[in-house]
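Q: I have a structure I would like to understand better, so I am pasting it below and will then ask my questions one at a time.
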Amino acid sequence: MTVAPDRPLANEITDILVTHCGLDADAAARTPAASLEELGMDSLALLELSAVVADRWQVKIPEQAGQLSIAGVADLVARRTDPPPGHTENAVDIAAPLPLVWAITNDVARWTELFTEYAVVEILHREGDTVRFRLTMHPDENGTSWSWVSERTADPATREVHARRVETGPFEYMRIHWRYDEIPGGTRMTWVQDFAMKPTAPVDNAGMTERINTNSKVQLAVIKERIERTHAGGAR
């Protein structure tokens, strides 16, 4: 995939070449598509560029960097400094049969009884095993009630559910995969979440990964307790 050069980053690369490597800034401006070699950057200049880039962005410039333009170097740095996407996987073992766990956890309309974080669930559309719904959380410490639309498709044959945020909010995307496995004495339910945060989000991928891992453990423990209590009582 070709990534468009980051213009501010290209300017930074130019400044490094001018300051540390002896680049003629006017020549670079006149011939923006020229390679570093064509701009007169020799092996020592490229070594200096590599050292500064490695120190500033922890990116290694390849030996063939002389064949790249300034925009090409900026593109290389941008692609190698993109944060890895977020990924979490959390599971809980529930002492209840899989059909009961499946029925309770896929009854989206009653999620306010299952999760502690949701204040309102509004079903917007159903078609077959797919449901689109709006979730509204309880107010946070700042009094903000976060709300978004999600969609999930349950597959009873494979005992899997695939869900995604339709209104992504601070996320570039958010996908959730639920798995259910029979184990001795009950059911193992696993949540796998793959996501990426928007550059404007108040938290990055790593920070959201930590938040999701922390919250998932809390919610899975609550779900386990509520389903096991229901199972012991013999009713939904």
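For the structure tokens, the naming scheme is as follows: chains receive sequential letters (A, B, ...) according to their order of presentation, residues are indexed from 1 within each chain, and ligands are indexed from 1 in presentation order.
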May I have the residues within 12 Å of stretch 49-52 of chain A as a ChimeraX atom specification, using only C-alpha atoms and disregarding those fewer than 2 positions away in the same chain?
A: /A:12-23,36,41-47,54-66,70,73-74,77
Q: With a distance cut-off of 9 Å and only C-alpha atoms, select the neighbouring residues of A:Val101, excluding the residue or stretch itself and same-chain residues fewer than 3 positions from it, and output the selection as number ranges by chain.
A: A: 94, 96-98, 104-106, 180, 187, 189, 227
Q: Please save all heavy atoms of the selected residues as a JSON list (two decimals), in the first residue's frame.
A:
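What landed in again_12.json:
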```
[["chain", "number", "residue", "atom", "x", "y", "z"],
["A", 94, "ILE", "N", -17.29, -20.07, 32.90],
["A", 94, "ILE", "CA", -18.58, -19.92, 33.59],
["A", 94, "ILE", "C", -19.15, -21.30, 33.89],
["A", 94, "ILE", "O", -19.26, -22.14, 32.98],
["A", 94, "ILE", "CB", -19.57, -19.12, 32.71],
["A", 94, "ILE", "CG1", -18.97, -17.74, 32.36],
["A", 94, "ILE", "CG2", -20.91, -18.95, 33.41],
["A", 94, "ILE", "CD1", -19.78, -16.96, 31.35],
["A", 96, "ALA", "N", -21.79, -22.95, 33.88],
["A", 96, "ALA", "CA", -23.15, -23.05, 33.36],
["A", 96, "ALA", "C", -23.07, -23.61, 31.96],
["A", 96, "ALA", "O", -22.05, -23.44, 31.27],
["A", 96, "ALA", "CB", -23.83, -21.67, 33.35],
["A", 97, "PRO", "N", -24.11, -24.31, 31.50],
["A", 97, "PRO", "CA", -24.06, -24.92, 30.16],
["A", 97, "PRO", "C", -24.02, -23.86, 29.06],
["A", 97, "PRO", "O", -24.57, -22.77, 29.20],
["A", 97, "PRO", "CB", -25.35, -25.74, 30.10],
["A", 97, "PRO", "CG", -26.25, -25.14, 31.12],
["A", 97, "PRO", "CD", -25.37, -24.63, 32.22],
["A", 98, "LEU", "N", -23.40, -24.23, 27.95],
["A", 98, "LEU", "CA", -23.22, -23.28, 26.85],
["A", 98, "LEU", "C", -24.55, -22.71, 26.33],
["A", 98, "LEU", "O", -24.62, -21.50, 26.08],
["A", 98, "LEU", "CB", -22.43, -23.94, 25.71],
["A", 98, "LEU", "CG", -21.89, -23.00, 24.63],
["A", 98, "LEU", "CD1", -20.62, -23.57, 24.00],
["A", 98, "LEU", "CD2", -22.91, -22.71, 23.54],
["A", 104, "ILE", "N", -28.22, -15.95, 27.34],
["A", 104, "ILE", "CA", -28.19, -14.75, 28.18],
["A", 104, "ILE", "C", -27.32, -13.67, 27.58],
["A", 104, "ILE", "O", -27.71, -12.50, 27.51],
["A", 104, "ILE", "CB", -27.70, -15.11, 29.60],
["A", 104, "ILE", "CG1", -28.74, -15.99, 30.32],
["A", 104, "ILE", "CG2", -27.42, -13.84, 30.41],
["A", 104, "ILE", "CD1", -28.31, -16.46, 31.69],
["A", 105, "THR", "N", -26.13, -14.04, 27.12],
["A", 105, "THR", "CA", -25.19, -13.01, 26.64],
["A", 105, "THR", "C", -25.57, -12.46, 25.27],
["A", 105, "THR", "O", -25.08, -11.39, 24.88],
["A", 105, "THR", "CB", -23.75, -13.56, 26.60],
["A", 105, "THR", "OG1", -23.71, -14.73, 25.77],
["A", 105, "THR", "CG2", -23.26, -13.91, 27.99],
["A", 106, "ASN", "N", -26.43, -13.16, 24.53],
["A", 106, "ASN", "CA", -26.87, -12.64, 23.23],
["A", 106, "ASN", "C", -28.25, -12.00, 23.28],
["A", 106, "ASN", "O", -28.79, -11.63, 22.24],
["A", 106, "ASN", "CB", -26.82, -13.76, 22.20],
["A", 106, "ASN", "CG", -25.40, -14.06, 21.77],
["A", 106, "ASN", "OD1", -24.75, -13.26, 21.10],
["A", 106, "ASN", "ND2", -24.89, -15.22, 22.17],
["A", 180, "TYR", "N", -17.45, -19.04, 22.11],
["A", 180, "TYR", "CA", -17.99, -19.85, 23.20],
["A", 180, "TYR", "C", -17.50, -21.28, 23.02],
["A", 180, "TYR", "O", -17.67, -21.87, 21.95],
["A", 180, "TYR", "CB", -19.52, -19.84, 23.16],
["A", 180, "TYR", "CG", -20.17, -18.48, 23.32],
["A", 180, "TYR", "CD1", -20.19, -17.58, 22.26],
["A", 180, "TYR", "CD2", -20.76, -18.11, 24.52],
["A", 180, "TYR", "CE1", -20.80, -16.34, 22.39],
["A", 180, "TYR", "CE2", -21.38, -16.88, 24.66],
["A", 180, "TYR", "CZ", -21.39, -15.99, 23.60],
["A", 180, "TYR", "OH", -21.99, -14.76, 23.74],
["A", 187, "THR", "N", -18.72, -23.42, 30.49],
["A", 187, "THR", "CA", -18.49, -22.73, 29.22],
["A", 187, "THR", "C", -17.37, -21.71, 29.37],
["A", 187, "THR", "O", -17.31, -20.99, 30.38],
["A", 187, "THR", "CB", -19.77, -21.98, 28.78],
["A", 187, "THR", "OG1", -20.86, -22.89, 28.73],
["A", 187, "THR", "CG2", -19.58, -21.31, 27.43],
["A", 189, "MET", "N", -16.09, -18.34, 27.70],
["A", 189, "MET", "CA", -16.45, -17.26, 26.79],
["A", 189, "MET", "C", -15.24, -16.35, 26.62],
["A", 189, "MET", "O", -14.63, -15.92, 27.60],
["A", 189, "MET", "CB", -17.64, -16.46, 27.34],
["A", 189, "MET", "CG", -18.12, -15.37, 26.40],
["A", 189, "MET", "SD", -19.64, -14.55, 26.97],
["A", 189, "MET", "CE", -19.04, -13.72, 28.45],
["A", 227, "ILE", "N", -24.59, -15.10, 35.61],
["A", 227, "ILE", "CA", -25.06, -16.29, 34.91],
["A", 227, "ILE", "C", -25.03, -17.50, 35.84],
["A", 227, "ILE", "O", -25.97, -18.32, 35.85],
["A", 227, "ILE", "CB", -24.23, -16.55, 33.65],
["A", 227, "ILE", "CG1", -24.45, -15.43, 32.64],
["A", 227, "ILE", "CG2", -24.59, -17.90, 33.03],
["A", 227, "ILE", "CD1", -23.63, -15.57, 31.37]]
```
Q: Expressed in Å to a single decimal, how great is the separation between atom CA of A:Arg179 and atom CA of A:Val203?
A: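 Separation between atom CA of A:Arg179 and atom CA of A:Val203: 27.5 Å.
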Q: Tell me, as an MDAnalysis selection string, which residues lie within 9 Å of stretch 157-173 of chain A, counting only C-alpha atoms; anything in the same chain fewer than 2 positions away does not count.
A: chainID A and resid 102 106 132 147:155 175:181 194:203
Q: With a distance cut-off of 8 Å and only C-alpha atoms, select the neighbouring residues of A:Val120, excluding the residue or stretch itself and same-chain residues fewer than 6 positions from it, and output the selection as a ChimeraX atom specification.
A: /A:112,134-137
Q: Could you write out that same residue set with all heavy atoms as a PDB file, in the first residue's frame?
A:
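Saved to selection_29.pdb:
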```
ATOM      1  N   THR A 112     -28.494  -4.358  30.094  1.00  0.00           N
ATOM      2  CA  THR A 112     -28.402  -3.528  31.298  1.00  0.00           C
ATOM      3  C   THR A 112     -28.491  -4.375  32.566  1.00  0.00           C
ATOM      4  O   THR A 112     -28.054  -3.938  33.631  1.00  0.00           O
ATOM      5  CB  THR A 112     -29.513  -2.467  31.322  1.00  0.00           C
ATOM      6  OG1 THR A 112     -30.791  -3.111  31.184  1.00  0.00           O
ATOM      7  CG2 THR A 112     -29.326  -1.464  30.197  1.00  0.00           C
ATOM      8  N   ARG A 134     -28.264   0.693  19.963  1.00  0.00           N
ATOM      9  CA  ARG A 134     -27.549   1.819  20.574  1.00  0.00           C
ATOM     10  C   ARG A 134     -27.304   1.512  22.049  1.00  0.00           C
ATOM     11  O   ARG A 134     -28.226   1.125  22.769  1.00  0.00           O
ATOM     12  CB  ARG A 134     -28.328   3.127  20.441  1.00  0.00           C
ATOM     13  CG  ARG A 134     -27.659   4.304  21.177  1.00  0.00           C
ATOM     14  CD  ARG A 134     -28.319   5.635  20.892  1.00  0.00           C
ATOM     15  NE  ARG A 134     -28.113   6.038  19.508  1.00  0.00           N
ATOM     16  CZ  ARG A 134     -26.986   6.583  19.053  1.00  0.00           C
ATOM     17  NH1 ARG A 134     -25.955   6.779  19.873  1.00  0.00           N
ATOM     18  NH2 ARG A 134     -26.883   6.927  17.787  1.00  0.00           N
ATOM     19  N   LEU A 135     -26.060   1.690  22.460  1.00  0.00           N
ATOM     20  CA  LEU A 135     -25.678   1.539  23.855  1.00  0.00           C
ATOM     21  C   LEU A 135     -25.395   2.908  24.452  1.00  0.00           C
ATOM     22  O   LEU A 135     -24.746   3.745  23.811  1.00  0.00           O
ATOM     23  CB  LEU A 135     -24.413   0.680  23.984  1.00  0.00           C
ATOM     24  CG  LEU A 135     -24.544  -0.814  23.696  1.00  0.00           C
ATOM     25  CD1 LEU A 135     -23.158  -1.467  23.681  1.00  0.00           C
ATOM     26  CD2 LEU A 135     -25.440  -1.487  24.728  1.00  0.00           C
ATOM     27  N   THR A 136     -25.880   3.134  25.648  1.00  0.00           N
ATOM     28  CA  THR A 136     -25.561   4.350  26.384  1.00  0.00           C
ATOM     29  C   THR A 136     -25.023   3.942  27.743  1.00  0.00           C
ATOM     30  O   THR A 136     -25.666   3.153  28.458  1.00  0.00           O
ATOM     31  CB  THR A 136     -26.799   5.246  26.562  1.00  0.00           C
ATOM     32  OG1 THR A 136     -27.320   5.584  25.269  1.00  0.00           O
ATOM     33  CG2 THR A 136     -26.433   6.525  27.308  1.00  0.00           C
ATOM     34  N   MET A 137     -23.852   4.452  28.087  1.00  0.00           N
ATOM     35  CA  MET A 137     -23.217   4.065  29.340  1.00  0.00           C
ATOM     36  C   MET A 137     -23.701   4.941  30.482  1.00  0.00           C
ATOM     37  O   MET A 137     -24.261   6.029  30.274  1.00  0.00           O
ATOM     38  CB  MET A 137     -21.695   4.180  29.196  1.00  0.00           C
ATOM     39  CG  MET A 137     -21.112   3.309  28.100  1.00  0.00           C
ATOM     40  SD  MET A 137     -19.304   3.370  28.024  1.00  0.00           S
ATOM     41  CE  MET A 137     -18.887   2.385  29.467  1.00  0.00           C
TER      42      MET A 137
END
```
Q: Figure out the distance between atom CA of A:His87 and atom CA of A:Leu114, please, to one decimal in Å.
A: 23.8 Å
